[in-house]
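Following: one structure in structure tokens, then a few remarks.
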Amino acid sequence: MAKPTARKPTPSPSGQKRARLAQALNTLAARRAARGAPATGFTSQPEPRTIGSVARGRQLIGGNFLLAGFLIEGRDRSPWDLAMPDPAFEEALHGFGWLDDLAAVGDRTARARAQDWVFGWIDRYSRGTGAGWQPDLTGRRVIRWINNALMILHAQDKPKADAFFAALGAQTTYLAKRWKSAPPGLPRFEALTGLIYAALSLTGMQGHSAQALAGLAAECASQIDIEGGIATRNPEELLEVLTLLNWAKQAIEATGAAPDPAHLAAIERIAPTLRALRHADGGLARFHGGEACNPDRIDQTLVETGIRRGPTGTLAMGFARLHVGGTSLIMDADKPPAGAASTDAHASTLAFELTSRRRPIIVNCGSGAQFGREWHQAGRATPSHSTLALGGYSSSRLGPERSFGRSPHSWLEETPELVWAVRDEDSGQSWMAGHDGYSATHGLTHLRRLSLATDGRLLEGCDSLSAATPQGQKRLQTVLEREKLTGIPYQIRFHLHPEANATLDMGGHAVSIALKSGEIWVFRHDGALKLALDPSVYLEKGRLRPRATQQIVLSGRLLDERCQISWTFTKAQDRSQGTRDLQYGADRDDSDT
């Protein structure tokens with residue numbers, strides 16, 4: 001998959017106008033807050049919960065700022081003096097998530113960098129200027145400053161400490177005024193959690209706690225659905241929301257108070273759903289802009305909930321799951337996110353991922369947001385997912401760019417009207433699903449059946465295209481006539497993880513996939529289509545460039561009203577004798593974390 005050359009959509013004028021107005025109101029609120037009464041110290045300090053990376057911390061100390069997919073070298077320079085390569089880099093810098101990485105290193109040099117850069121921000125931006133005055137970024141920053149306050153204030157004199165608490169107080173006042181302007185979902189949860197942290201721990205800020213706690217309870221009731229999902233259907237965002245709710249719960253309980261019942265109920269709903277979105281290796285399914293994330297962090301988050309209930313076997317946030325014998329499969333089996341919730345959503349309907357023990361095999365390309373807008377758009381298209389796509393079309397289409405805060409995004413438009421999935425109640429290890437995302441353009445419905453053998457060694461798949469209604473048949477006939485009876489091209493793609501080494505086998509009629517564990521899986525199909533092994537990419541956060549990998553591609557042309565293609569993945573060889581592949585929870589019970 002070569003670097004995309006997607007057309008740059010024109011930003012929506014109305015979206016730009018709303019974004020400018022929101023920024024103006026944020027700036028006004030920030031400047032007023034800076035003139036308000038400051039906090040003077042801690043009444044109680046929440047125990048640090050955020051955990052950083054030692055490796056990333058050492059990179060920062062060495063002057064390498066790797067944020068939002070951009071690497072800027074600035075040895076012995078303040079990050080506030082750097083030229084910002086992209087709004088996403090600037091927002092990550094002002095969010096201070098990197099402060100946890102310096103704390104993870106924990107030596108004198110790391111502490112000195114943290115102090116210099118925090119007080120550098122206070123000197124430049126604490127009076128209401130700069131890109132950091134957005135509710136979600138402010139909430140994120142407040143949490144990190146409070147969690148790492150001992151490191152920041154170590155050996156500092158009174159004027160420095162006063163400036164630190166004054167800046168925290170101003171940000172708390174700002175959050176109390178502007179948290180409602182944060183987009184619903186993760187951004188608003190970040191703003192509210194930061195406000196709760198500050199209101200419960202800073203002197204003079206306790207008056208903001210009642211509205212913050214009530215606001216969080218209301219968001220839990222309205223934004224976490226009855227099945228424990230969120231509107232974006234992004235598994236990584238669901239983890240972030242659960243993490244924030246855990247932190248808020250712990251901060252509230254540390255004061256001797258009890259969280260609101262709606263807050264606790266949201267945690268109870270999310271935990272089983274998050275478990276259902278984990279693969280056999282412990283990571284999350286990579287859909288709608290989400291990453292796999294660190295399994296240990298997911299474990300810790302789930303343990304902190306105190307909820308041990310596992311997956312129910314039904315759809316979890318719209319995802320279908322099969323898991324047996326150390327093999328897991330997760331398929332997107334619901335409608336894509338809509339409206340503002342679709343700013344990072346993908347046209348991934350009926351795409352799946354497959355993992356064997358701790359080794360991913362079939363993946364989706366992932367979010368390319370960190371590699372620029374063209375990669376972001378390409379990563380959202382159906383061909384970047386392990387599913388069937390008609391040539392030149394996605395199952396959902398991107399609309400024009402709209403401005404949200406400082407970064408423009410495109411919503412999904414023309415999404416499938418009907419998406420359904422049914423589990424085979426007899427075997428329990430089979431799903432039948434379908435969508436009509438190609439009905440409007442071609443009159444076609446895509447059906448997919450996935451069945452996992454009871455020992456986890458065989459995955460059987462069947463994809464079909466059909467014009468099932470008179471209207472669909474008429475539309476399909478029109479398209480076929482336009483194509484001059486050469487047929488409608490389509491491809492079924494299976495993107496491989498970069499560490500899965502694939503080769504064509506059996507004279508080009510099969511693909512052998514060797515995993516680092518020593519396992520060998522073999523892909524076969526019914527012979528009706530052309531089989532190829534083509535280049536692909538794996539788009540992963542925290543890397544400077546996309547990782548090269550491969551994809552299995554079945555190509556064909558639809559010549560009439562129906563076609564059906566069967567294929568299999570078979571484990572032909574287990575782990576090699578003497579090969580020790582430490583697996584993450586491949587044989588554990590789903591409720592055991």
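By order of appearance in the structure tokens: chains A, B, ..., then residues from 1 within every chain, and ligands from 1 in the order shown.
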
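For region 472-475 of chain A, the non-local neighbours within 8 Å, defined as residues at least 6 positions apart in the same chain or in other chains and counting only C-alpha atoms, are A:Ser439, A:Thr441, A:His442, A:Gly443, A:Leu444, A:Glu561.
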
May I have the residues from that selection written out with all heavy atoms, as a short mmCIF file (atom, residue, chain, number, x, y, z; two decimals), in the first residue's frame?
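Writing the result to selection.cif gives the following:
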```cif
data_model
loop_
_atom_site.label_atom_id
_atom_site.label_comp_id
_atom_site.auth_asym_id
_atom_site.auth_seq_id
_atom_site.Cartn_x
_atom_site.Cartn_y
_atom_site.Cartn_z
N SER A 439 -25.61 -0.73 -1.25
CA SER A 439 -26.93 -0.75 -1.86
C SER A 439 -27.20 0.52 -2.68
O SER A 439 -27.70 0.46 -3.80
CB SER A 439 -28.01 -0.92 -0.79
OG SER A 439 -29.29 -0.90 -1.35
N THR A 441 -25.13 2.57 -4.11
CA THR A 441 -24.27 2.74 -5.28
C THR A 441 -24.40 1.60 -6.28
O THR A 441 -24.30 1.81 -7.50
CB THR A 441 -22.80 2.85 -4.85
OG1 THR A 441 -22.45 1.69 -4.07
CG2 THR A 441 -22.58 4.11 -4.03
N HIS A 442 -24.62 0.36 -5.78
CA HIS A 442 -24.61 -0.81 -6.67
C HIS A 442 -25.81 -1.74 -6.48
O HIS A 442 -25.93 -2.72 -7.22
CB HIS A 442 -23.33 -1.63 -6.44
CG HIS A 442 -22.07 -0.91 -6.78
ND1 HIS A 442 -21.52 0.04 -5.94
CD2 HIS A 442 -21.25 -1.00 -7.86
CE1 HIS A 442 -20.40 0.50 -6.49
NE2 HIS A 442 -20.22 -0.11 -7.65
N GLY A 443 -26.65 -1.47 -5.48
CA GLY A 443 -27.77 -2.36 -5.22
C GLY A 443 -27.37 -3.64 -4.50
O GLY A 443 -28.16 -4.59 -4.46
N LEU A 444 -26.17 -3.68 -3.91
CA LEU A 444 -25.63 -4.92 -3.36
C LEU A 444 -25.60 -4.93 -1.84
O LEU A 444 -25.42 -3.90 -1.19
CB LEU A 444 -24.21 -5.14 -3.88
CG LEU A 444 -24.08 -5.43 -5.38
CD1 LEU A 444 -22.63 -5.37 -5.82
CD2 LEU A 444 -24.69 -6.80 -5.71
N GLU A 561 -26.21 -11.34 -10.39
CA GLU A 561 -26.83 -10.83 -9.17
C GLU A 561 -26.30 -11.44 -7.89
O GLU A 561 -26.72 -11.06 -6.81
CB GLU A 561 -28.35 -11.05 -9.24
CG GLU A 561 -29.02 -10.25 -10.34
CD GLU A 561 -30.49 -10.53 -10.44
OE1 GLU A 561 -30.97 -11.40 -9.67
OE2 GLU A 561 -31.19 -9.89 -11.26
#
```

DSSP on the backbone, then: every residue of region 287-377 of chain A marked strand (DSSP E or B), written as a VMD selection string. chain A and resid 316 319 to 324 327 to 332 352 to 356 359 to 363

Hey, which of A:Ala292, A:Leu504, A:Ala221, A:Ala182 ends up closest to Asp260 (chain A)? Count only C-alpha atoms. A:Ala221

Give me, as a PyMOL selection string, all polymer residues having an atom no more than 10 Å from Gly95 (chain A), counting only C-alpha atoms and skipping those fewer than 3 positions away in the same chain. chain A and resi 89-92+98-99+131-134+136-144

Excluding region 267-275 of chain A and residues on its chain fewer than 4 positions from it, collect all residues at most 9 Å away from it, counting only C-alpha atoms, and give them as JSON, numbers by chain. {"A": [220, 224, 225, 226, 227, 228, 229, 235, 238, 239, 242, 245, 246, 262, 263, 279, 284, 298, 301, 302, 305, 306, 307, 308, 309, 310, 311, 312, 315, 316, 317, 590, 591, 593]}

CA of Ala528 (chain A) to CA of Val553 (chain A), distance in Å rounded to a single decimal: 12.8 Å

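In this comparison, which uses only C-alpha atoms, the residue of A:Leu93, A:Ile72, A:Arg297, A:Leu175 approaching Ile51 (chain A) most closely is A:Arg297.
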
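Close contacts of Gln573 (chain A), defined as residues with an atom at most 12 Å away when counting only C-alpha atoms, with chain neighbours fewer than 5 positions off set aside, comprise Arg457, Leu458, Ser512, Ile513, Ala514, Leu515, Ser517, Gly518, Glu519, Ile520, Trp521 and Val522 of chain A.
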
Please produce a file of those selected residues containing N, CA, C and O atoms, as a CSV table (one decimal), in the first residue's frame.
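Contents of out20.csv, as written:
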```csv
chain,number,residue,atom,x,y,z
A,457,ARG,N,-8.3,-24.0,15.9
A,457,ARG,CA,-7.3,-24.2,14.9
A,457,ARG,C,-7.8,-24.0,13.5
A,457,ARG,O,-7.0,-24.0,12.5
A,458,LEU,N,-9.0,-23.8,13.3
A,458,LEU,CA,-9.6,-23.6,12.0
A,458,LEU,C,-10.6,-22.4,12.0
A,458,LEU,O,-11.6,-22.5,12.7
A,512,SER,N,1.1,-19.4,3.2
A,512,SER,CA,1.6,-19.9,4.5
A,512,SER,C,2.1,-18.7,5.3
A,512,SER,O,2.8,-17.8,4.8
A,513,ILE,N,1.6,-18.7,6.6
A,513,ILE,CA,1.9,-17.5,7.4
A,513,ILE,C,2.7,-18.1,8.7
A,513,ILE,O,2.1,-18.8,9.5
A,514,ALA,N,3.9,-17.7,8.8
A,514,ALA,CA,4.8,-18.1,9.9
A,514,ALA,C,4.8,-17.1,11.0
A,514,ALA,O,5.1,-15.9,10.7
A,515,LEU,N,4.5,-17.5,12.2
A,515,LEU,CA,4.5,-16.5,13.3
A,515,LEU,C,5.8,-16.7,14.1
A,515,LEU,O,6.5,-17.8,14.0
A,517,SER,N,6.2,-17.3,17.1
A,517,SER,CA,6.0,-18.3,18.1
A,517,SER,C,6.4,-19.7,17.5
A,517,SER,O,6.5,-20.7,18.3
A,518,GLY,N,6.5,-19.8,16.2
A,518,GLY,CA,6.7,-21.1,15.6
A,518,GLY,C,5.5,-21.7,15.0
A,518,GLY,O,5.6,-22.6,14.2
A,519,GLU,N,4.3,-21.1,15.2
A,519,GLU,CA,3.1,-21.5,14.6
A,519,GLU,C,3.1,-21.2,13.1
A,519,GLU,O,3.7,-20.2,12.7
A,520,ILE,N,2.5,-22.1,12.3
A,520,ILE,CA,2.3,-21.8,10.9
A,520,ILE,C,0.8,-21.9,10.6
A,520,ILE,O,0.2,-22.9,10.9
A,521,TRP,N,0.2,-20.9,10.0
A,521,TRP,CA,-1.1,-20.9,9.6
A,521,TRP,C,-1.2,-20.9,8.1
A,521,TRP,O,-0.3,-20.2,7.4
A,522,VAL,N,-2.2,-21.5,7.5
A,522,VAL,CA,-2.3,-21.6,6.0
A,522,VAL,C,-3.6,-21.1,5.6
A,522,VAL,O,-4.7,-21.5,6.1
```
